[in-house]
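Student: Below you'll find the structure I mean.
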Amino acid sequence: MAQMAEAAFERIKNHPGVIGVIIVNSQGYPYKTSMDNPTTMRYVESLGGAIYSAKNLVRDLDPENHMDYLRISAERETSSQDLTTGARKKQIKTTEVMISPAEEYTIVVIQEIVKNDRKDKRKLPLYDNFM
């Protein structure tokens, strides 16, 4: 496996907000993961078609171009009650799946960002330090 993928795996897996990192080989099988096997397989099986479709879309739009990076984001709103004041706190949780395909491997990063009324809990945007 490419040393670059291994180095990215080690650098990213402990980043604040990261739920998991998966390295997928060129045949679509997980090579290395920071998550349990059932969760890893669920992500790999679900994302395989999306990655293939996104690569084809980019190639069809511009045959001389290729996909370097794909980011999928889903947001949900949650609320909880503050036990000291009794006030309701609204939070927005965003789950992001970031995919960086290469010829020999693909790196998949899943992270969760929690935003509340005050600030974003994530210190630095992970996608700025992805590869």
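By convention here, the chains of the structure tokens are called A, B, ... in the order presented, each chain's residues are numbered starting at 1, and ligands are numbered starting at 1 in the order presented.
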Skipping near chain neighbours, those fewer than 5 positions away, what residues fall within 9 Å of region 99-116 of chain A using only C-alpha atoms, listed as a count of residues only?

Tutor: 41

Student: Would you mind writing down, as a PyMOL selection string, each residue of chain A that DSSP on the backbone assigns to alpha helix (DSSP H)?

Tutor: chain A and resi 3-12+37-61

Student: Can those selected residues be exported to a file as a compact mmCIF listing (two decimals), in the first residue's frame so that it contains N, CA, C and O atoms?

Tutor:
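So out_35.txt came out as:
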```txt
# COMPACT_ATOMS: atom_id res chain seq x y z
N GLN A 3 2.78 4.53 0.72
CA GLN A 3 3.18 5.17 1.97
C GLN A 3 2.41 6.45 2.21
O GLN A 3 2.15 6.81 3.36
N MET A 4 2.03 7.14 1.14
CA MET A 4 1.28 8.38 1.29
C MET A 4 -0.08 8.14 1.97
O MET A 4 -0.51 8.91 2.82
N ALA A 5 -0.74 7.04 1.59
CA ALA A 5 -2.03 6.70 2.21
C ALA A 5 -1.85 6.36 3.68
O ALA A 5 -2.66 6.76 4.53
N GLU A 6 -0.81 5.61 4.00
CA GLU A 6 -0.54 5.25 5.39
C GLU A 6 -0.25 6.49 6.23
O GLU A 6 -0.74 6.62 7.35
N ALA A 7 0.54 7.40 5.68
CA ALA A 7 0.87 8.64 6.39
C ALA A 7 -0.39 9.48 6.61
O ALA A 7 -0.58 10.04 7.70
N ALA A 8 -1.25 9.58 5.59
CA ALA A 8 -2.50 10.34 5.72
C ALA A 8 -3.40 9.69 6.78
O ALA A 8 -4.01 10.39 7.59
N PHE A 9 -3.48 8.37 6.79
CA PHE A 9 -4.29 7.64 7.76
C PHE A 9 -3.85 8.01 9.18
O PHE A 9 -4.67 8.36 10.02
N GLU A 10 -2.56 7.92 9.45
CA GLU A 10 -2.02 8.21 10.78
C GLU A 10 -2.24 9.67 11.17
O GLU A 10 -2.54 9.97 12.31
N ARG A 11 -2.11 10.58 10.22
CA ARG A 11 -2.25 12.00 10.49
C ARG A 11 -3.71 12.38 10.78
O ARG A 11 -3.99 13.20 11.65
N ILE A 12 -4.64 11.74 10.09
CA ILE A 12 -6.05 12.14 10.16
C ILE A 12 -6.82 11.46 11.27
O ILE A 12 -7.73 12.05 11.86
N ASN A 37 -15.48 -3.57 11.92
CA ASN A 37 -15.69 -4.17 10.61
C ASN A 37 -17.09 -3.93 10.04
O ASN A 37 -17.20 -3.55 8.87
N PRO A 38 -18.19 -4.13 10.78
CA PRO A 38 -19.51 -3.90 10.19
C PRO A 38 -19.72 -2.44 9.72
O PRO A 38 -20.28 -2.20 8.66
N THR A 39 -19.23 -1.49 10.51
CA THR A 39 -19.37 -0.08 10.14
C THR A 39 -18.53 0.22 8.90
O THR A 39 -18.97 0.91 7.98
N THR A 40 -17.31 -0.29 8.89
CA THR A 40 -16.43 -0.10 7.74
C THR A 40 -17.08 -0.64 6.47
O THR A 40 -17.13 0.05 5.44
N MET A 41 -17.60 -1.85 6.53
CA MET A 41 -18.22 -2.47 5.36
C MET A 41 -19.46 -1.70 4.91
O MET A 41 -19.70 -1.56 3.71
N ARG A 42 -20.22 -1.17 5.85
CA ARG A 42 -21.41 -0.39 5.49
C ARG A 42 -21.01 0.85 4.68
O ARG A 42 -21.60 1.16 3.65
N TYR A 43 -19.98 1.55 5.13
CA TYR A 43 -19.51 2.73 4.40
C TYR A 43 -18.94 2.35 3.04
O TYR A 43 -19.25 2.98 2.03
N VAL A 44 -18.09 1.33 3.00
CA VAL A 44 -17.44 0.93 1.75
C VAL A 44 -18.48 0.50 0.72
O VAL A 44 -18.43 0.91 -0.45
N GLU A 45 -19.44 -0.32 1.13
CA GLU A 45 -20.47 -0.79 0.20
C GLU A 45 -21.37 0.35 -0.27
O GLU A 45 -21.76 0.41 -1.43
N SER A 46 -21.71 1.27 0.63
CA SER A 46 -22.58 2.39 0.27
C SER A 46 -21.90 3.40 -0.64
O SER A 46 -22.53 3.97 -1.52
N LEU A 47 -20.62 3.63 -0.42
CA LEU A 47 -19.91 4.67 -1.16
C LEU A 47 -19.34 4.22 -2.49
O LEU A 47 -19.03 5.04 -3.34
N GLY A 48 -19.19 2.92 -2.68
CA GLY A 48 -18.58 2.41 -3.91
C GLY A 48 -19.23 2.94 -5.17
O GLY A 48 -18.56 3.43 -6.09
N GLY A 49 -20.53 2.86 -5.25
CA GLY A 49 -21.26 3.35 -6.43
C GLY A 49 -21.19 4.85 -6.57
O GLY A 49 -21.09 5.37 -7.69
N ALA A 50 -21.22 5.57 -5.45
CA ALA A 50 -21.16 7.04 -5.51
C ALA A 50 -19.81 7.51 -6.03
O ALA A 50 -19.73 8.44 -6.83
N ILE A 51 -18.75 6.86 -5.59
CA ILE A 51 -17.41 7.23 -6.06
C ILE A 51 -17.28 6.97 -7.55
O ILE A 51 -16.80 7.82 -8.30
N TYR A 52 -17.72 5.80 -7.98
CA TYR A 52 -17.67 5.43 -9.40
C TYR A 52 -18.47 6.43 -10.24
O TYR A 52 -18.00 6.91 -11.28
N SER A 53 -19.68 6.78 -9.79
CA SER A 53 -20.53 7.71 -10.53
C SER A 53 -19.90 9.11 -10.58
O SER A 53 -19.94 9.77 -11.63
N ALA A 54 -19.34 9.56 -9.47
CA ALA A 54 -18.71 10.89 -9.45
C ALA A 54 -17.50 10.95 -10.38
O ALA A 54 -17.31 11.93 -11.10
N LYS A 55 -16.69 9.89 -10.38
CA LYS A 55 -15.53 9.85 -11.30
C LYS A 55 -15.99 9.90 -12.75
O LYS A 55 -15.43 10.63 -13.57
N ASN A 56 -17.04 9.14 -13.08
CA ASN A 56 -17.56 9.13 -14.45
C ASN A 56 -18.16 10.48 -14.84
O ASN A 56 -18.00 10.92 -15.97
N LEU A 57 -18.84 11.13 -13.91
CA LEU A 57 -19.43 12.44 -14.18
C LEU A 57 -18.34 13.45 -14.53
O LEU A 57 -18.45 14.17 -15.52
N VAL A 58 -17.29 13.49 -13.73
CA VAL A 58 -16.19 14.42 -13.99
C VAL A 58 -15.54 14.12 -15.34
O VAL A 58 -15.28 15.01 -16.14
N ARG A 59 -15.29 12.84 -15.62
CA ARG A 59 -14.68 12.44 -16.89
C ARG A 59 -15.59 12.79 -18.08
O ARG A 59 -15.12 13.27 -19.11
N ASP A 60 -16.91 12.59 -17.92
CA ASP A 60 -17.85 12.90 -19.01
C ASP A 60 -17.92 14.40 -19.28
O ASP A 60 -18.07 14.82 -20.42
N LEU A 61 -17.83 15.21 -18.23
CA LEU A 61 -17.89 16.66 -18.41
C LEU A 61 -16.61 17.19 -19.04
O LEU A 61 -16.65 18.14 -19.82
```

Student: Just the number, please: distance in Å from CA of Ser73 (chain A) to CA of Arg88 (chain A), one decimal.

Tutor: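 According to the coordinates, CA of Ser73 (chain A) and CA of Arg88 (chain A) are separated by 25.5 Å.
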
Student: Give me every strand (DSSP E or B) residue in chain A, going by DSSP on the backbone, as a ChimeraX atom specification.

Tutor: /A:18-25,30-33,70-81,88-101,105-115,120
